[in-house]
$ cat start-v9.cif   # mmCIF, N, CA and C atoms
data_input
loop_
_atom_site.label_atom_id
_atom_site.label_comp_id
_atom_site.auth_asym_id
_atom_site.auth_seq_id
_atom_site.Cartn_x
_atom_site.Cartn_y
_atom_site.Cartn_z
N MET A 1217 -73.53 -40.88 -63.00
CA MET A 1217 -73.53 -41.35 -61.64
C MET A 1217 -74.98 -41.49 -61.17
N PHE A 1218 -75.21 -42.51 -60.36
CA PHE A 1218 -76.53 -42.79 -59.80
C PHE A 1218 -76.46 -42.66 -58.29
N PHE A 1219 -77.59 -42.32 -57.71
CA PHE A 1219 -77.66 -42.13 -56.26
C PHE A 1219 -78.82 -42.93 -55.69
N VAL A 1220 -78.54 -43.66 -54.63
CA VAL A 1220 -79.60 -44.27 -53.82
C VAL A 1220 -79.94 -43.22 -52.78
N TYR A 1221 -81.23 -43.01 -52.55
CA TYR A 1221 -81.63 -41.98 -51.59
C TYR A 1221 -82.72 -42.52 -50.67
N VAL A 1222 -82.78 -41.92 -49.50
CA VAL A 1222 -83.86 -42.19 -48.57
C VAL A 1222 -84.46 -40.86 -48.19
N ILE A 1223 -85.78 -40.78 -48.34
CA ILE A 1223 -86.50 -39.58 -47.91
C ILE A 1223 -87.39 -39.97 -46.74
N VAL A 1224 -87.67 -39.00 -45.88
CA VAL A 1224 -88.47 -39.27 -44.68
C VAL A 1224 -89.63 -38.28 -44.59
N SER A 1225 -90.69 -38.73 -43.95
CA SER A 1225 -91.87 -37.91 -43.72
C SER A 1225 -92.39 -38.20 -42.32
N ASP A 1226 -92.89 -37.18 -41.66
CA ASP A 1226 -93.49 -37.40 -40.35
C ASP A 1226 -95.01 -37.19 -40.40
N VAL A 1227 -95.57 -37.21 -41.60
CA VAL A 1227 -97.01 -37.12 -41.77
C VAL A 1227 -97.60 -38.51 -41.56
N LYS A 1228 -98.62 -38.62 -40.77
CA LYS A 1228 -99.27 -39.92 -40.48
C LYS A 1228 -98.28 -40.91 -39.87
N GLY A 1229 -97.43 -40.45 -39.00
CA GLY A 1229 -96.41 -41.30 -38.39
C GLY A 1229 -95.09 -41.15 -39.13
N LEU A 1230 -94.07 -41.76 -38.60
CA LEU A 1230 -92.74 -41.65 -39.20
C LEU A 1230 -92.61 -42.66 -40.33
N ARG A 1231 -92.25 -42.20 -41.52
CA ARG A 1231 -92.13 -43.06 -42.69
C ARG A 1231 -90.87 -42.73 -43.46
N PHE A 1232 -90.38 -43.71 -44.19
CA PHE A 1232 -89.28 -43.45 -45.11
C PHE A 1232 -89.53 -44.16 -46.43
N TYR A 1233 -88.89 -43.66 -47.46
CA TYR A 1233 -89.01 -44.21 -48.81
C TYR A 1233 -87.60 -44.31 -49.38
N VAL A 1234 -87.31 -45.43 -50.01
CA VAL A 1234 -85.99 -45.67 -50.63
C VAL A 1234 -86.16 -45.67 -52.14
N GLY A 1235 -85.26 -44.98 -52.83
CA GLY A 1235 -85.28 -44.97 -54.29
C GLY A 1235 -83.90 -44.74 -54.84
N PHE A 1236 -83.78 -44.70 -56.18
CA PHE A 1236 -82.51 -44.33 -56.79
C PHE A 1236 -82.79 -43.49 -58.02
N SER A 1237 -81.84 -42.62 -58.33
CA SER A 1237 -82.02 -41.67 -59.41
C SER A 1237 -80.68 -41.07 -59.80
N GLU A 1238 -80.63 -40.51 -60.99
CA GLU A 1238 -79.46 -39.74 -61.40
C GLU A 1238 -79.57 -38.30 -60.90
N ASP A 1239 -80.77 -37.85 -60.60
CA ASP A 1239 -81.00 -36.49 -60.16
C ASP A 1239 -81.89 -36.52 -58.91
N VAL A 1240 -81.26 -36.59 -57.76
CA VAL A 1240 -81.99 -36.74 -56.49
C VAL A 1240 -82.85 -35.51 -56.20
N GLU A 1241 -82.32 -34.32 -56.42
CA GLU A 1241 -83.10 -33.12 -56.14
C GLU A 1241 -84.41 -33.11 -56.94
N LYS A 1242 -84.32 -33.48 -58.20
CA LYS A 1242 -85.52 -33.54 -59.05
C LYS A 1242 -86.50 -34.58 -58.51
N ARG A 1243 -85.99 -35.73 -58.09
CA ARG A 1243 -86.87 -36.79 -57.56
C ARG A 1243 -87.57 -36.36 -56.28
N VAL A 1244 -86.86 -35.66 -55.40
CA VAL A 1244 -87.50 -35.20 -54.16
C VAL A 1244 -88.61 -34.21 -54.50
N ILE A 1245 -88.37 -33.34 -55.47
CA ILE A 1245 -89.41 -32.39 -55.91
C ILE A 1245 -90.61 -33.16 -56.45
N GLU A 1246 -90.36 -34.20 -57.23
CA GLU A 1246 -91.45 -35.02 -57.77
C GLU A 1246 -92.23 -35.70 -56.65
N HIS A 1247 -91.53 -36.22 -55.64
CA HIS A 1247 -92.22 -36.83 -54.50
C HIS A 1247 -93.10 -35.79 -53.80
N ASN A 1248 -92.58 -34.59 -53.63
CA ASN A 1248 -93.33 -33.55 -52.92
C ASN A 1248 -94.43 -32.91 -53.75
N SER A 1249 -94.40 -33.11 -55.06
CA SER A 1249 -95.47 -32.56 -55.91
C SER A 1249 -96.60 -33.56 -56.11
N GLY A 1250 -96.45 -34.76 -55.57
CA GLY A 1250 -97.50 -35.77 -55.68
C GLY A 1250 -97.45 -36.61 -56.94
N LYS A 1251 -96.35 -36.56 -57.68
CA LYS A 1251 -96.23 -37.32 -58.93
C LYS A 1251 -95.95 -38.79 -58.70
N THR A 1252 -95.54 -39.15 -57.49
CA THR A 1252 -95.25 -40.55 -57.18
C THR A 1252 -96.39 -41.10 -56.33
N LYS A 1253 -97.10 -42.07 -56.88
CA LYS A 1253 -98.30 -42.60 -56.23
C LYS A 1253 -98.05 -43.09 -54.80
N SER A 1254 -96.94 -43.80 -54.62
CA SER A 1254 -96.68 -44.40 -53.31
C SER A 1254 -96.28 -43.40 -52.23
N THR A 1255 -95.92 -42.19 -52.60
CA THR A 1255 -95.48 -41.22 -51.60
C THR A 1255 -96.38 -39.99 -51.49
N LYS A 1256 -97.33 -39.83 -52.39
CA LYS A 1256 -98.08 -38.57 -52.40
C LYS A 1256 -98.93 -38.34 -51.16
N GLY A 1257 -99.33 -39.39 -50.49
CA GLY A 1257 -100.15 -39.23 -49.29
C GLY A 1257 -99.39 -38.84 -48.04
N TYR A 1258 -98.08 -38.75 -48.14
CA TYR A 1258 -97.25 -38.49 -46.95
C TYR A 1258 -96.36 -37.28 -47.11
N LYS A 1259 -96.61 -36.46 -48.10
CA LYS A 1259 -95.76 -35.28 -48.31
C LYS A 1259 -96.04 -34.25 -47.23
N PRO A 1260 -95.07 -33.45 -46.85
CA PRO A 1260 -93.77 -33.24 -47.49
C PRO A 1260 -92.73 -34.27 -47.05
N TRP A 1261 -91.79 -34.49 -47.94
CA TRP A 1261 -90.67 -35.39 -47.72
C TRP A 1261 -89.39 -34.59 -47.58
N LYS A 1262 -88.48 -35.09 -46.77
CA LYS A 1262 -87.16 -34.48 -46.61
C LYS A 1262 -86.10 -35.52 -46.92
N LEU A 1263 -85.04 -35.08 -47.55
CA LEU A 1263 -83.94 -35.98 -47.88
C LEU A 1263 -83.22 -36.38 -46.60
N PHE A 1264 -83.10 -37.69 -46.38
CA PHE A 1264 -82.43 -38.22 -45.19
C PHE A 1264 -80.97 -38.54 -45.49
N PHE A 1265 -80.71 -39.29 -46.57
CA PHE A 1265 -79.33 -39.53 -46.98
C PHE A 1265 -79.27 -39.98 -48.43
N THR A 1266 -78.08 -39.88 -49.00
CA THR A 1266 -77.81 -40.36 -50.36
C THR A 1266 -76.51 -41.15 -50.34
N GLU A 1267 -76.40 -42.04 -51.31
CA GLU A 1267 -75.17 -42.82 -51.53
C GLU A 1267 -74.89 -42.81 -53.03
N PRO A 1268 -73.68 -42.44 -53.45
CA PRO A 1268 -73.36 -42.43 -54.89
C PRO A 1268 -72.90 -43.80 -55.40
N TYR A 1269 -73.27 -44.11 -56.62
CA TYR A 1269 -72.84 -45.34 -57.29
C TYR A 1269 -72.52 -45.03 -58.74
N VAL A 1270 -71.53 -45.70 -59.27
CA VAL A 1270 -71.09 -45.46 -60.65
C VAL A 1270 -72.07 -46.03 -61.65
N THR A 1271 -72.59 -47.23 -61.37
CA THR A 1271 -73.48 -47.87 -62.35
C THR A 1271 -74.91 -47.98 -61.82
N ARG A 1272 -75.82 -48.07 -62.75
CA ARG A 1272 -77.23 -48.26 -62.44
C ARG A 1272 -77.44 -49.59 -61.70
N ILE A 1273 -76.73 -50.60 -62.11
CA ILE A 1273 -76.86 -51.93 -61.50
C ILE A 1273 -76.48 -51.88 -60.02
N GLU A 1274 -75.37 -51.22 -59.70
CA GLU A 1274 -74.95 -51.10 -58.29
C GLU A 1274 -76.01 -50.36 -57.47
N ALA A 1275 -76.52 -49.27 -58.03
CA ALA A 1275 -77.52 -48.48 -57.33
C ALA A 1275 -78.79 -49.29 -57.11
N ARG A 1276 -79.22 -50.03 -58.10
CA ARG A 1276 -80.43 -50.84 -58.00
C ARG A 1276 -80.26 -51.94 -56.95
N GLU A 1277 -79.10 -52.57 -56.92
CA GLU A 1277 -78.85 -53.61 -55.92
C GLU A 1277 -78.91 -53.05 -54.51
N ARG A 1278 -78.31 -51.87 -54.31
CA ARG A 1278 -78.34 -51.25 -52.98
C ARG A 1278 -79.76 -50.83 -52.61
N GLU A 1279 -80.50 -50.30 -53.57
CA GLU A 1279 -81.89 -49.92 -53.32
C GLU A 1279 -82.69 -51.15 -52.88
N LYS A 1280 -82.53 -52.25 -53.58
CA LYS A 1280 -83.24 -53.48 -53.24
C LYS A 1280 -82.88 -53.94 -51.83
N TYR A 1281 -81.60 -53.85 -51.47
CA TYR A 1281 -81.17 -54.23 -50.13
C TYR A 1281 -81.84 -53.35 -49.07
N LEU A 1282 -81.81 -52.03 -49.29
CA LEU A 1282 -82.38 -51.12 -48.30
C LEU A 1282 -83.89 -51.27 -48.19
N LYS A 1283 -84.54 -51.78 -49.23
CA LYS A 1283 -85.98 -52.03 -49.17
C LYS A 1283 -86.30 -53.38 -48.52
N SER A 1284 -85.29 -54.20 -48.31
CA SER A 1284 -85.50 -55.50 -47.66
C SER A 1284 -85.69 -55.30 -46.16
N GLY A 1285 -86.11 -56.34 -45.49
CA GLY A 1285 -86.29 -56.26 -44.03
C GLY A 1285 -85.03 -55.88 -43.30
N ILE A 1286 -83.91 -56.48 -43.67
CA ILE A 1286 -82.63 -56.17 -43.03
C ILE A 1286 -82.22 -54.73 -43.34
N GLY A 1287 -82.39 -54.33 -44.59
CA GLY A 1287 -82.04 -52.97 -44.99
C GLY A 1287 -82.86 -51.93 -44.25
N LYS A 1288 -84.15 -52.19 -44.10
CA LYS A 1288 -85.02 -51.26 -43.36
C LYS A 1288 -84.56 -51.12 -41.91
N GLU A 1289 -84.15 -52.23 -41.33
CA GLU A 1289 -83.64 -52.17 -39.95
C GLU A 1289 -82.36 -51.34 -39.86
N LYS A 1290 -81.49 -51.45 -40.86
CA LYS A 1290 -80.26 -50.64 -40.89
C LYS A 1290 -80.61 -49.16 -40.96
N ILE A 1291 -81.60 -48.81 -41.77
CA ILE A 1291 -82.02 -47.42 -41.87
C ILE A 1291 -82.56 -46.95 -40.52
N LYS A 1292 -83.40 -47.75 -39.91
CA LYS A 1292 -83.99 -47.37 -38.63
C LYS A 1292 -82.94 -47.18 -37.54
N GLN A 1293 -81.84 -47.93 -37.61
CA GLN A 1293 -80.77 -47.77 -36.63
C GLN A 1293 -80.12 -46.39 -36.75
N LYS A 1294 -80.14 -45.81 -37.94
CA LYS A 1294 -79.54 -44.51 -38.18
C LYS A 1294 -80.55 -43.37 -38.03
N TRP A 1295 -81.79 -43.71 -37.75
CA TRP A 1295 -82.87 -42.72 -37.67
C TRP A 1295 -82.53 -41.64 -36.66
N PRO A 1296 -82.49 -40.37 -37.06
CA PRO A 1296 -82.05 -39.30 -36.15
C PRO A 1296 -83.16 -38.62 -35.37
N TYR A 1297 -84.25 -39.28 -35.15
CA TYR A 1297 -85.35 -38.64 -34.45
C TYR A 1297 -85.11 -38.65 -32.95
N THR A 1298 -85.37 -37.53 -32.35
CA THR A 1298 -85.17 -37.41 -30.91
C THR A 1298 -86.48 -37.53 -30.16
N CYS A 1299 -87.58 -37.51 -30.85
CA CYS A 1299 -88.88 -37.51 -30.19
C CYS A 1299 -89.75 -38.67 -30.66
N ARG A 1300 -89.18 -39.83 -30.92
CA ARG A 1300 -89.96 -40.98 -31.39
C ARG A 1300 -91.11 -41.31 -30.47
N GLN A 1301 -90.82 -41.34 -29.19
CA GLN A 1301 -91.85 -41.74 -28.23
C GLN A 1301 -93.02 -40.76 -28.24
N ALA A 1302 -92.75 -39.49 -28.50
CA ALA A 1302 -93.80 -38.49 -28.51
C ALA A 1302 -94.58 -38.49 -29.81
N GLY A 1303 -94.07 -39.19 -30.83
CA GLY A 1303 -94.77 -39.27 -32.10
C GLY A 1303 -94.54 -38.09 -33.02
N LYS A 1304 -93.70 -37.17 -32.63
CA LYS A 1304 -93.40 -36.01 -33.48
C LYS A 1304 -91.92 -36.03 -33.82
N ALA A 1305 -91.63 -35.96 -35.08
CA ALA A 1305 -90.24 -36.06 -35.53
C ALA A 1305 -89.56 -34.71 -35.55
N GLN A 1306 -88.31 -34.73 -35.18
CA GLN A 1306 -87.44 -33.58 -35.37
C GLN A 1306 -86.31 -34.07 -36.24
N LEU A 1307 -86.32 -33.66 -37.48
CA LEU A 1307 -85.35 -34.18 -38.43
C LEU A 1307 -84.02 -33.47 -38.32
N ASP A 1308 -82.98 -34.26 -38.32
CA ASP A 1308 -81.62 -33.77 -38.43
C ASP A 1308 -81.03 -34.62 -39.54
N THR A 1309 -81.12 -34.15 -40.78
CA THR A 1309 -80.84 -35.01 -41.92
C THR A 1309 -79.36 -35.00 -42.28
N PRO A 1310 -78.70 -36.15 -42.14
CA PRO A 1310 -77.31 -36.25 -42.57
C PRO A 1310 -77.25 -36.38 -44.09
N ASN A 1311 -76.07 -36.18 -44.66
CA ASN A 1311 -75.91 -36.27 -46.11
C ASN A 1311 -75.56 -37.66 -46.59
N LYS A 1312 -74.94 -38.45 -45.75
CA LYS A 1312 -74.46 -39.75 -46.20
C LYS A 1312 -74.74 -40.80 -45.14
N TYR A 1313 -75.00 -41.97 -45.58
CA TYR A 1313 -75.31 -43.11 -44.72
C TYR A 1313 -74.13 -44.07 -44.75
N SER A 1314 -73.88 -44.74 -43.64
CA SER A 1314 -72.86 -45.78 -43.64
C SER A 1314 -73.34 -46.92 -42.77
N ASP A 1315 -73.02 -48.14 -43.17
CA ASP A 1315 -73.44 -49.33 -42.41
C ASP A 1315 -72.66 -49.40 -41.10
#

$ encode --input "start-v9.cif" --output "structure tokens"
Amino acid sequence: MFFVYVIVSDVKGLRFYVGFSEDVEKRVIEHNSGKTKSTKGYKPWKLFFTEPYVTRIEAREREKYLKSGIGKEKIKQKWPYTCRQAGKAQLDTPNKYSD
């Protein structure tokens, strides 16, 4: 089974990263240890949501969608921050995302 995941960081502003993996916990640890070039400058990261998929192809297609402009807007609509205007995030991380 494969999982599409979104992680969030409030370092240097509010940011999110979309990826997919068979082992999400391991990937979040890798993001937080600085092993991923694109995310190391914004650690720590927190898991925002995951979606399960049976095949790698399905997971990759969903990841590509969520990385698109429309997909990013869908993620932002679900953003659970209560203090956006103040610039400080208070994370309330759900386990699953739905359109």

$ closest_residue --input "start-v9.cif" --among "A:Val1222, A:Leu1230, A:Ile1245, A:Val1270" --to "A:Gly1287" --atoms "only C-alpha atoms"
A:Val1222

$ closest_residue --input "start-v9.cif" --among "A:Arg1243, A:Lys1228, A:Arg1272, A:Lys1283" --to "A:Tyr1258" --atoms "only N, CA and C atoms"
A:Lys1228

$ closest_residue --input "start-v9.cif" --among "A:Gly1229, A:Gly1250, A:Pro1268, A:Pro1260" --to "A:Met1217" --atoms "only C-alpha atoms"
A:Pro1268

$ atom_distance --input "start-v9.cif" --atom1 "atom N of A:Ser1254" --atom2 "atom C of A:Gly1285"
20.4 Å

$ resolve_selection --input "start-v9.cif" --expression "the PyMOL selection byres (((chain A and resi 1224 and name CA) around 9) and name CA)" --output "list in words"
Val1222, Ile1223, Ser1225, Asp1226, Leu1230, Arg1231, Phe1232, Tyr1233, Pro1260, Trp1261, Lys1262, Leu1263, Phe1264 and Leu1307 of chain A

$ residues_around --input "start-v9.cif" --residues "A:Ser1237" --least-positions-apart "3" --cutoff "5 Å" --atoms "only N, CA and C atoms" --output "list in words"
Phe1218, Phe1219 and Val1240 of chain A

$ atom_distance --input "start-v9.cif" --atom1 "atom CA of A:Ile1286" --atom2 "atom C of A:Ile1273"
18.6 Å

$ atom_distance --input "start-v9.cif" --atom1 "atom CA of A:Lys1242" --atom2 "atom CA of A:Ala1275"
17.0 Å
